[in-house]
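Working notes, beginning with the structure itself.
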Amino acid sequence: MNLARASCFVLRRWRGEVPLRTLLWRDLLGIGTAINLLATFTAFMAASQGAATWVAAAIHFAPLPVNVFLFAAVQRTQPRSGLASALALVWLAVMIVV
């Protein structure tokens, strides 16, 4: 993936140009959850191999900027439903813990 394509991905979501259905189900719940589970698994593996606690915590919280971005992108998408906003907020809270 080249830089122009990656920036297009981010800008389209930030501007609300991506349909809410795609943003919510594919990007937030699908890809976002997979990224968080991978980071958590990697953090557990690092901790079990004797890495410092701060290293495991840093690995675990590394996807936080992506999480906040996806949550904000859902909030910026028009028209947005209350259910989508609530689901995105619950997802964000769960992903911070998981």
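Going by the structure tokens order, chains are called A, B, ..., each with residues numbered from 1, while ligands are numbered from 1 in the order shown.
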Excluding stretch 28-39 of chain A and its own-chain neighbours fewer than 6 positions away, which residues fall within 12 Å of it when counting only C-alpha atoms? Please give them as a VMD selection string.
chain A and resid 13 20 to 22 45 to 46 55 to 75 84 to 85 87 to 98
So which residues touch A:Pro19 within 10 Å, counting only C-alpha atoms, skipping near sequence neighbours fewer than 6 positions away, as a PyMOL selection string?
chain A and resi 12-13+74+77-80
Return the single residue from A:Arg76, A:Ala51, A:Leu3, A:Phe44 that is closest to A:Arg15, with distances computed using only C-alpha atoms.
A:Arg76
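What separates atom CA of A:Val10 from atom CA of A:Thr42 is a distance of 25.1 Å.
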Would you return as a PyMOL selection string the members of chain A that DSSP assigns to alpha helix (DSSP H) on this structure's backbone?
chain A and resi 3-14+20-21+33-48+53-61+64-76+82-97
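In this structure, atom CA of A:Ser81 sits 16.9 Å away from atom CA of A:Asp27.
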